[in-house]
file start34.pdb (PDB, C-alpha atoms)
MODEL        1
ATOM      1  CA  MET A   7     -47.167  55.354   1.095  1.00  0.00           C
ATOM      2  CA  ILE A   8     -45.440  56.625  -1.981  1.00  0.00           C
ATOM      3  CA  LEU A   9     -48.162  55.189  -4.165  1.00  0.00           C
ATOM      4  CA  HIS A  10     -50.738  56.876  -2.076  1.00  0.00           C
ATOM      5  CA  ARG A  11     -48.964  60.163  -2.482  1.00  0.00           C
ATOM      6  CA  THR A  12     -48.677  59.796  -6.258  1.00  0.00           C
ATOM      7  CA  CYS A  13     -52.312  58.960  -6.479  1.00  0.00           C
ATOM      8  CA  LEU A  14     -53.249  62.145  -4.613  1.00  0.00           C
ATOM      9  CA  VAL A  15     -51.084  64.267  -6.863  1.00  0.00           C
ATOM     10  CA  GLY A  16     -52.594  62.648  -9.914  1.00  0.00           C
ATOM     11  CA  LEU A  17     -56.100  63.411  -8.651  1.00  0.00           C
ATOM     12  CA  ALA A  18     -55.176  67.011  -7.987  1.00  0.00           C
ATOM     13  CA  ALA A  19     -53.824  67.476 -11.487  1.00  0.00           C
ATOM     14  CA  THR A  20     -56.995  66.051 -13.022  1.00  0.00           C
ATOM     15  CA  ALA A  21     -59.134  68.316 -10.893  1.00  0.00           C
ATOM     16  CA  LEU A  22     -57.202  71.374 -12.088  1.00  0.00           C
ATOM     17  CA  LEU A  23     -57.469  70.456 -15.747  1.00  0.00           C
ATOM     18  CA  ALA A  24     -61.240  69.900 -15.671  1.00  0.00           C
ATOM     19  CA  PRO A  25     -62.190  73.601 -15.121  1.00  0.00           C
ATOM     20  CA  LEU A  26     -59.697  74.652 -17.790  1.00  0.00           C
ATOM     21  CA  ALA A  27     -61.230  72.285 -20.275  1.00  0.00           C
ATOM     22  CA  GLY A  28     -64.681  73.781 -19.625  1.00  0.00           C
ATOM     23  CA  ALA A  29     -63.397  77.356 -19.972  1.00  0.00           C
ATOM     24  CA  THR A  30     -61.626  76.543 -23.191  1.00  0.00           C
ATOM     25  CA  GLY A  31     -64.860  75.219 -24.654  1.00  0.00           C
ATOM     26  CA  ALA A  32     -66.699  78.520 -23.783  1.00  0.00           C
ATOM     27  CA  TRP A  33     -64.036  80.666 -25.475  1.00  0.00           C
ATOM     28  CA  ALA A  34     -64.361  78.714 -28.633  1.00  0.00           C
ATOM     29  CA  GLN A  35     -68.082  79.555 -29.067  1.00  0.00           C
ATOM     30  CA  ASP A  36     -68.993  82.100 -31.798  1.00  0.00           C
ATOM     31  CA  PRO A  37     -70.666  85.337 -30.560  1.00  0.00           C
ATOM     32  CA  VAL A  38     -74.435  85.623 -30.817  1.00  0.00           C
ATOM     33  CA  GLN A  39     -75.869  88.888 -32.161  1.00  0.00           C
ATOM     34  CA  GLY A  40     -79.283  90.505 -32.289  1.00  0.00           C
ATOM     35  CA  THR A  41     -80.464  93.828 -33.699  1.00  0.00           C
ATOM     36  CA  VAL A  42     -82.944  96.370 -32.382  1.00  0.00           C
ATOM     37  CA  GLY A  43     -84.276  99.171 -34.629  1.00  0.00           C
ATOM     38  CA  LEU A  44     -84.842 102.732 -33.381  1.00  0.00           C
ATOM     39  CA  ASP A  45     -87.478 104.995 -34.911  1.00  0.00           C
ATOM     40  CA  ALA A  46     -87.886 108.716 -34.146  1.00  0.00           C
ATOM     41  CA  GLN A  47     -89.147 111.963 -35.635  1.00  0.00           C
ATOM     42  CA  VAL A  48     -88.403 115.693 -35.327  1.00  0.00           C
ATOM     43  CA  ALA A  49     -91.365 118.001 -35.948  1.00  0.00           C
ATOM     44  CA  GLN A  50     -91.088 121.257 -37.865  1.00  0.00           C
ATOM     45  CA  VAL A  51     -90.837 124.011 -35.270  1.00  0.00           C
ATOM     46  CA  CYS A  52     -90.671 127.796 -35.296  1.00  0.00           C
ATOM     47  CA  VAL A  53     -90.018 129.875 -32.183  1.00  0.00           C
ATOM     48  CA  LEU A  54     -90.423 133.645 -32.149  1.00  0.00           C
ATOM     49  CA  GLY A  55     -88.228 135.259 -29.502  1.00  0.00           C
ATOM     50  CA  ALA A  56     -90.027 137.067 -26.685  1.00  0.00           C
ATOM     51  CA  PRO A  57     -90.325 140.778 -27.594  1.00  0.00           C
ATOM     52  CA  SER A  58     -88.120 143.035 -25.493  1.00  0.00           C
ATOM     53  CA  PRO A  59     -89.532 145.450 -24.545  1.00  0.00           C
ATOM     54  CA  GLY A  60     -93.001 143.901 -24.759  1.00  0.00           C
ATOM     55  CA  ALA A  61     -94.641 147.272 -25.477  1.00  0.00           C
ATOM     56  CA  LEU A  62     -93.578 150.731 -26.632  1.00  0.00           C
ATOM     57  CA  ALA A  63     -94.541 153.597 -24.340  1.00  0.00           C
ATOM     58  CA  LEU A  64     -94.301 156.635 -26.627  1.00  0.00           C
ATOM     59  CA  GLY A  65     -95.601 159.099 -24.044  1.00  0.00           C
ATOM     60  CA  GLN A  66     -96.816 162.534 -25.179  1.00  0.00           C
ATOM     61  CA  ILE A  67     -96.819 162.475 -29.007  1.00  0.00           C
ATOM     62  CA  SER A  68     -98.059 165.997 -29.710  1.00  0.00           C
ATOM     63  CA  GLU A  69     -95.996 169.185 -29.522  1.00  0.00           C
ATOM     64  CA  SER A  70     -96.613 171.016 -26.255  1.00  0.00           C
ATOM     65  CA  SER A  71     -95.308 174.427 -27.369  1.00  0.00           C
ATOM     66  CA  GLY A  72     -94.252 176.486 -30.369  1.00  0.00           C
ATOM     67  CA  VAL A  73     -95.952 176.901 -33.726  1.00  0.00           C
ATOM     68  CA  ARG A  74     -96.849 173.193 -33.923  1.00  0.00           C
ATOM     69  CA  VAL A  75     -98.516 172.943 -30.528  1.00  0.00           C
ATOM     70  CA  GLY A  76    -101.105 170.151 -30.550  1.00  0.00           C
ATOM     71  CA  ARG A  77     -99.761 168.626 -33.771  1.00  0.00           C
ATOM     72  CA  LEU A  78     -97.725 165.426 -34.094  1.00  0.00           C
ATOM     73  CA  ALA A  79     -94.252 165.737 -32.608  1.00  0.00           C
ATOM     74  CA  THR A  80     -91.228 164.094 -34.193  1.00  0.00           C
ATOM     75  CA  ILE A  81     -91.058 160.544 -32.869  1.00  0.00           C
ATOM     76  CA  ALA A  82     -87.705 158.759 -33.061  1.00  0.00           C
ATOM     77  CA  ASN A  83     -87.449 155.257 -34.522  1.00  0.00           C
ATOM     78  CA  GLN A  84     -88.304 152.613 -31.942  1.00  0.00           C
ATOM     79  CA  SER A  85     -86.759 149.114 -31.699  1.00  0.00           C
ATOM     80  CA  ILE A  86     -87.966 145.860 -30.201  1.00  0.00           C
ATOM     81  CA  GLN A  87     -85.649 142.851 -29.964  1.00  0.00           C
ATOM     82  CA  LEU A  88     -86.839 139.291 -30.661  1.00  0.00           C
ATOM     83  CA  PRO A  89     -83.793 137.213 -29.589  1.00  0.00           C
ATOM     84  CA  GLY A  90     -83.349 133.517 -30.351  1.00  0.00           C
ATOM     85  CA  THR A  91     -85.921 133.359 -33.146  1.00  0.00           C
ATOM     86  CA  PHE A  92     -85.664 130.196 -35.242  1.00  0.00           C
ATOM     87  CA  CYS A  93     -87.339 127.774 -37.629  1.00  0.00           C
ATOM     88  CA  ASN A  94     -85.780 124.341 -38.126  1.00  0.00           C
ATOM     89  CA  TYR A  95     -87.013 123.995 -41.734  1.00  0.00           C
ATOM     90  CA  ALA A  96     -86.694 125.839 -45.040  1.00  0.00           C
ATOM     91  CA  GLY A  97     -89.468 128.001 -46.473  1.00  0.00           C
ATOM     92  CA  ALA A  98     -90.685 129.534 -43.203  1.00  0.00           C
ATOM     93  CA  ALA A  99     -92.100 133.035 -43.632  1.00  0.00           C
ATOM     94  CA  LEU A 100     -92.151 136.043 -41.323  1.00  0.00           C
ATOM     95  CA  ALA A 101     -95.016 138.527 -41.664  1.00  0.00           C
ATOM     96  CA  ILE A 102     -96.109 141.672 -39.831  1.00  0.00           C
ATOM     97  CA  SER A 103     -99.592 143.115 -39.507  1.00  0.00           C
ATOM     98  CA  ALA A 104    -100.333 146.346 -37.672  1.00  0.00           C
ATOM     99  CA  SER A 105    -103.132 148.749 -36.852  1.00  0.00           C
ATOM    100  CA  PRO A 106    -102.719 152.545 -36.834  1.00  0.00           C
ATOM    101  CA  LEU A 107    -102.003 154.249 -33.520  1.00  0.00           C
ATOM    102  CA  ALA A 108    -105.563 155.487 -32.904  1.00  0.00           C
ATOM    103  CA  VAL A 109    -107.397 157.389 -30.198  1.00  0.00           C
ATOM    104  CA  THR A 110    -109.637 155.140 -28.133  1.00  0.00           C
ATOM    105  CA  GLY A 111    -113.051 155.598 -26.563  1.00  0.00           C
ATOM    106  CA  THR A 112    -114.054 158.729 -28.437  1.00  0.00           C
ATOM    107  CA  THR A 113    -115.087 159.946 -31.865  1.00  0.00           C
ATOM    108  CA  THR A 114    -112.572 162.142 -33.638  1.00  0.00           C
ATOM    109  CA  GLN A 115    -113.932 165.674 -33.826  1.00  0.00           C
ATOM    110  CA  PRO A 116    -113.975 167.669 -37.125  1.00  0.00           C
ATOM    111  CA  GLY A 117    -110.700 169.517 -37.723  1.00  0.00           C
ATOM    112  CA  PHE A 118    -108.732 167.048 -35.590  1.00  0.00           C
ATOM    113  CA  VAL A 119    -106.910 163.833 -36.427  1.00  0.00           C
ATOM    114  CA  GLY A 120    -107.203 160.735 -34.267  1.00  0.00           C
ATOM    115  CA  SER A 121    -104.839 158.320 -36.003  1.00  0.00           C
ATOM    116  CA  VAL A 122    -101.080 158.123 -36.487  1.00  0.00           C
ATOM    117  CA  ASP A 123     -99.580 155.862 -39.148  1.00  0.00           C
ATOM    118  CA  TYR A 124     -96.170 154.213 -38.950  1.00  0.00           C
ATOM    119  CA  THR A 125     -93.969 151.604 -40.636  1.00  0.00           C
ATOM    120  CA  CYS A 126     -92.821 148.295 -39.122  1.00  0.00           C
ATOM    121  CA  THR A 127     -89.802 146.486 -40.562  1.00  0.00           C
ATOM    122  CA  ILE A 128     -87.927 143.300 -39.673  1.00  0.00           C
ATOM    123  CA  SER A 129     -84.824 142.418 -41.674  1.00  0.00           C
ATOM    124  CA  ALA A 130     -82.383 139.492 -41.366  1.00  0.00           C
ATOM    125  CA  TRP A 131     -84.968 136.759 -41.947  1.00  0.00           C
ATOM    126  CA  GLY A 132     -85.146 136.337 -45.721  1.00  0.00           C
ATOM    127  CA  ALA A 133     -83.646 137.986 -48.796  1.00  0.00           C
ATOM    128  CA  THR A 134     -86.013 140.949 -48.311  1.00  0.00           C
ATOM    129  CA  SER A 135     -87.363 142.624 -45.187  1.00  0.00           C
ATOM    130  CA  ALA A 136     -90.804 141.921 -43.793  1.00  0.00           C
ATOM    131  CA  THR A 137     -92.600 145.263 -43.707  1.00  0.00           C
ATOM    132  CA  VAL A 138     -95.971 146.924 -43.248  1.00  0.00           C
ATOM    133  CA  ARG A 139     -97.161 150.550 -43.393  1.00  0.00           C
ATOM    134  CA  THR A 140    -100.379 151.390 -41.585  1.00  0.00           C
ATOM    135  CA  SER A 141    -102.837 153.676 -43.372  1.00  0.00           C
ATOM    136  CA  ALA A 142    -106.530 154.294 -43.886  1.00  0.00           C
ATOM    137  CA  GLY A 143    -106.192 152.430 -47.214  1.00  0.00           C
ATOM    138  CA  ASN A 144    -104.623 149.380 -45.531  1.00  0.00           C
ATOM    139  CA  ALA A 145    -107.434 148.526 -43.138  1.00  0.00           C
ATOM    140  CA  SER A 146    -106.221 144.949 -42.625  1.00  0.00           C
ATOM    141  CA  GLY A 147    -102.714 146.170 -41.810  1.00  0.00           C
ATOM    142  CA  VAL A 148    -101.080 143.366 -43.815  1.00  0.00           C
ATOM    143  CA  GLY A 149     -97.598 143.933 -45.217  1.00  0.00           C
ATOM    144  CA  SER A 150     -95.021 142.101 -47.300  1.00  0.00           C
ATOM    145  CA  PRO A 151     -93.711 138.866 -45.747  1.00  0.00           C
ATOM    146  CA  SER A 152     -90.120 137.627 -45.846  1.00  0.00           C
ATOM    147  CA  THR A 153     -89.284 133.953 -46.478  1.00  0.00           C
ATOM    148  CA  SER A 154     -86.101 132.152 -45.456  1.00  0.00           C
ATOM    149  CA  SER A 155     -84.818 129.625 -47.984  1.00  0.00           C
ATOM    150  CA  ALA A 156     -83.114 127.500 -45.298  1.00  0.00           C
ATOM    151  CA  PRO A 157     -83.524 126.599 -41.621  1.00  0.00           C
ATOM    152  CA  LYS A 158     -82.479 129.629 -39.614  1.00  0.00           C
ATOM    153  CA  GLU A 159     -81.737 130.896 -36.114  1.00  0.00           C
ATOM    154  CA  THR A 160     -81.167 134.600 -35.543  1.00  0.00           C
ATOM    155  CA  ASP A 161     -81.890 137.567 -33.290  1.00  0.00           C
ATOM    156  CA  LEU A 162     -84.500 139.779 -34.949  1.00  0.00           C
ATOM    157  CA  THR A 163     -85.158 143.491 -34.497  1.00  0.00           C
ATOM    158  CA  LEU A 164     -88.541 145.080 -35.170  1.00  0.00           C
ATOM    159  CA  VAL A 165     -88.088 148.747 -36.121  1.00  0.00           C
ATOM    160  CA  VAL A 166     -91.108 151.052 -35.831  1.00  0.00           C
ATOM    161  CA  SER A 167     -90.535 154.278 -37.751  1.00  0.00           C
ATOM    162  CA  ASP A 168     -91.937 157.069 -39.959  1.00  0.00           C
ATOM    163  CA  PHE A 169     -94.731 158.212 -37.668  1.00  0.00           C
ATOM    164  CA  ALA A 170     -97.109 160.545 -39.540  1.00  0.00           C
ATOM    165  CA  THR A 171    -100.731 161.701 -39.663  1.00  0.00           C
ATOM    166  CA  ALA A 172    -102.876 161.795 -42.834  1.00  0.00           C
ATOM    167  CA  THR A 173    -103.258 165.574 -42.431  1.00  0.00           C
ATOM    168  CA  ASP A 174    -101.186 167.976 -40.384  1.00  0.00           C
ATOM    169  CA  SER A 175    -104.115 168.768 -38.095  1.00  0.00           C
ATOM    170  CA  GLN A 176    -104.153 168.890 -34.337  1.00  0.00           C
ATOM    171  CA  LEU A 177    -104.384 165.534 -32.599  1.00  0.00           C
ATOM    172  CA  GLN A 178    -107.604 164.585 -30.841  1.00  0.00           C
ATOM    173  CA  PRO A 179    -106.817 164.328 -27.112  1.00  0.00           C
ATOM    174  CA  GLY A 180    -107.039 160.909 -25.456  1.00  0.00           C
ATOM    175  CA  ALA A 181    -105.250 157.590 -25.174  1.00  0.00           C
ATOM    176  CA  TYR A 182    -103.797 156.186 -28.422  1.00  0.00           C
ATOM    177  CA  LEU A 183    -103.328 152.452 -28.880  1.00  0.00           C
ATOM    178  CA  ALA A 184    -102.065 150.168 -31.654  1.00  0.00           C
ATOM    179  CA  LEU A 185    -101.292 146.494 -32.056  1.00  0.00           C
ATOM    180  CA  VAL A 186     -98.444 144.956 -34.057  1.00  0.00           C
ATOM    181  CA  THR A 187     -98.635 141.212 -34.761  1.00  0.00           C
ATOM    182  CA  ILE A 188     -95.598 139.217 -35.926  1.00  0.00           C
ATOM    183  CA  THR A 189     -96.298 135.796 -37.443  1.00  0.00           C
ATOM    184  CA  LEU A 190     -93.666 133.140 -38.161  1.00  0.00           C
ATOM    185  CA  GLY A 191     -94.443 129.818 -39.805  1.00  0.00           C
ATOM    186  CA  PRO A 192     -95.044 127.935 -43.052  1.00  0.00           C
ATOM    187  CA  ASP A 193     -95.270 130.266 -46.045  1.00  0.00           C
ATOM    188  CA  ALA A 194     -98.460 128.562 -47.260  1.00  0.00           C
ATOM    189  CA  GLY A 195    -100.072 129.093 -43.849  1.00  0.00           C
ATOM    190  CA  LEU A 196     -99.329 132.811 -43.914  1.00  0.00           C
ATOM    191  CA  ALA A 197    -100.827 133.166 -47.386  1.00  0.00           C
ATOM    192  CA  ALA A 198    -103.955 131.310 -46.310  1.00  0.00           C
ATOM    193  CA  SER A 199    -104.408 133.453 -43.194  1.00  0.00           C
ATOM    194  CA  GLY A 200    -103.876 136.701 -45.075  1.00  0.00           C
ATOM    195  CA  SER A 201    -100.737 137.585 -43.120  1.00  0.00           C
TER     196      SER A 201
ENDMDL
END
call {"tool": "encode", "arguments": {"input": "start34.pdb", "output": "C-alpha cells"}}
result
Amino acid sequence: MILHRTCLVGLAATALLAPLAGATGAWAQDPVQGTVGLDAQVAQVCVLGAPSPGALALGQISESSGVRVGRLATIANQSIQLPGTFCNYAGAALAISASPLAVTGTTTQPGFVGSVDYTCTISAWGATSATVRTSAGNASGVGSPSTSSAPKETDLTLVVSDFATATDSQLQPGAYLALVTITLGPDAGLAASGS
C-alpha cells in the first residue's frame, strides 16, 4: 500500500512539472516583429470667415434738408467681420475687388450723379493692407493685394470708408447697389485672375 501511495505521488509530481516545462519553453522564444507603413497628405487650404454682417444697409445716403439737400450725406466708416479666416500655407494672398455704389435700373440724368465711390481695406493679413478704391478710372475695381509670408489664422475686418461722388451734384434718385469681392488663395492664382 505504501508503494502504491508513493507511485501516485510520483505521478502527480510529474504531471505538475510537464505544464511548467512547456510554459518555460514559450517564455524563452524571441519576439516576432512586423512593420506597417502609413502614408497621408494634407492639402493646402484657405478658409475665408463668413462675413458678418453679410451686407451693409446704408439707408438714405443723400441729405434730406439744409443747404446740401439731395447731395451725398456724410457716411460713417462701415465694418464687416470675417472671423476664423486662415490659410495653412505660406504665400497666400488676400485681394479685394469692388464696384462703385451705383443707381440701378435707370440712366443718370444730366446734372445728377448716379455713382458713389468708396475705399475697402483689410489689414492684419500681410505686411501691408489689402485695399481698393472704386472710381470711374478703375472699372475692374481691382486693388492692391496683401500676401502672408507664413501660414496664418486670424479674424479679419473689412472697413468700407471715404464715401464720395465724382462731382458734388445731386444724387439721382433710385436704389444704389455695389458688390465687394474678397479673394483668398495662392498669390499666383490671384495674379492670373486679375484680383
call {"tool": "resolve_selection", "arguments": {"input": "start34.pdb", "expression": "the PyMOL selection byres ((chain A and resi 106) around 6)", "output": "number ranges by chain"}}
result
A: 105, 107-108, 122-123, 140, 184
call {"tool": "closest_residue", "arguments": {"input": "start34.pdb", "among": "A:Thr171, A:Ser103, A:Thr125, A:Ser71", "to": "A:Leu185", "atoms": "all atoms listed in the file"}}
result
A:Ser103
call {"tool": "resolve_selection", "arguments": {"input": "start34.pdb", "expression": "the PyMOL selection byres ((chain A and resi 79) around 10)", "output": "number ranges by chain"}}
result
A: 66-70, 74-78, 80-82, 169-170
call {"tool": "resolve_selection", "arguments": {"input": "start34.pdb", "expression": "the PyMOL selection byres ((chain A and resi 137) around 6)", "output": "list in words"}}
result
Cys126, Thr127, Ala136, Val138, Gly149 and Ser150 of chain A
call {"tool": "closest_atom_pairs", "arguments": {"input": "start34.pdb", "of": "stretch 86-120 of chain A", "to": "stretch 179-183 of chain A", "cutoff": "12 Å", "atoms": "only C-alpha atoms", "output": "tab-separated table"}}
result
residue	atom	partner	partner_atom	distance
A:Ala104	CA	A:Leu183	CA	11.1
A:Ser105	CA	A:Leu183	CA	8.8
A:Pro106	CA	A:Leu183	CA	8.0
A:Leu107	CA	A:Leu183	CA	5.1
A:Ala108	CA	A:Tyr182	CA	4.9
A:Val109	CA	A:Tyr182	CA	4.2
A:Thr110	CA	A:Ala181	CA	5.8
A:Gly111	CA	A:Gly180	CA	8.1
A:Thr112	CA	A:Gly180	CA	7.9
A:Thr113	CA	A:Gly180	CA	10.3
A:Thr114	CA	A:Pro179	CA	9.0
A:Gln115	CA	A:Pro179	CA	9.9
A:Phe118	CA	A:Pro179	CA	9.1
A:Val119	CA	A:Pro179	CA	9.3
A:Gly120	CA	A:Pro179	CA	8.0
call {"tool": "write_last_selection", "arguments": {"input": "start34.pdb", "atoms": "C-alpha atoms", "output": "compact mmCIF listing (two decimals), keeping the file's coordinate frame"}}
result
# COMPACT_ATOMS: atom_id res chain seq x y z
CA ALA A 104 -100.33 146.35 -37.67
CA SER A 105 -103.13 148.75 -36.85
CA PRO A 106 -102.72 152.54 -36.83
CA LEU A 107 -102.00 154.25 -33.52
CA ALA A 108 -105.56 155.49 -32.90
CA VAL A 109 -107.40 157.39 -30.20
CA THR A 110 -109.64 155.14 -28.13
CA GLY A 111 -113.05 155.60 -26.56
CA THR A 112 -114.05 158.73 -28.44
CA THR A 113 -115.09 159.95 -31.86
CA THR A 114 -112.57 162.14 -33.64
CA GLN A 115 -113.93 165.67 -33.83
CA PHE A 118 -108.73 167.05 -35.59
CA VAL A 119 -106.91 163.83 -36.43
CA GLY A 120 -107.20 160.74 -34.27
call {"tool": "atom_distance", "arguments": {"input": "start34.pdb", "atom1": "atom CA of A:Ala142", "atom2": "atom CA of A:Ser121"}}
result
9.0 Å
call {"tool": "atom_distance", "arguments": {"input": "start34.pdb", "atom1": "atom CA of A:Arg139", "atom2": "atom CA of A:Thr187"}}
result
12.8 Å
call {"tool": "closest_residue", "arguments": {"input": "start34.pdb", "among": "A:Ser58, A:Ile188, A:Gly117, A:Thr134", "to": "A:Gly147", "atoms": "all atoms listed in the file"}}
result
A:Ile188
call {"tool": "residues_around", "arguments": {"input": "start34.pdb", "residues": "stretch 41-52 of chain A", "least_positions_apart": "5", "cutoff": "8 Å", "atoms": "all atoms listed in the file", "output": "MDAnalysis selection string"}}
result
chainID A and resid 91:95 190:191
call {"tool": "atom_distance", "arguments": {"input": "start34.pdb", "atom1": "atom CA of A:Gln84", "atom2": "atom CA of A:Thr153"}}
result
23.7 Å
call {"tool": "closest_residue", "arguments": {"input": "start34.pdb", "among": "A:Ala34, A:Ala156, A:Val165, A:Leu88", "to": "A:Ile128", "atoms": "all atoms listed in the file"}}
result
A:Val165
call {"tool": "axis_aligned_box", "arguments": {"input": "start34.pdb", "around": "stretch 70-84 of chain A", "padding_each_side": "3 Å", "output": "AutoDock Vina command-line options"}}
result
--center_x -94.3 --center_y 164.8 --center_z -30.4 --size_x 19.7 --size_y 30.3 --size_z 14.3
call {"tool": "closest_residue", "arguments": {"input": "start34.pdb", "among": "A:Gly65, A:Ser155, A:Pro89, A:Thr173", "to": "A:Val53", "atoms": "all atoms listed in the file"}}
result
A:Pro89
call {"tool": "closest_residue", "arguments": {"input": "start34.pdb", "among": "A:Gln176, A:Ser141, A:Ser167, A:Gln39", "to": "A:Ser85", "atoms": "all atoms listed in the file"}}
result
A:Ser167
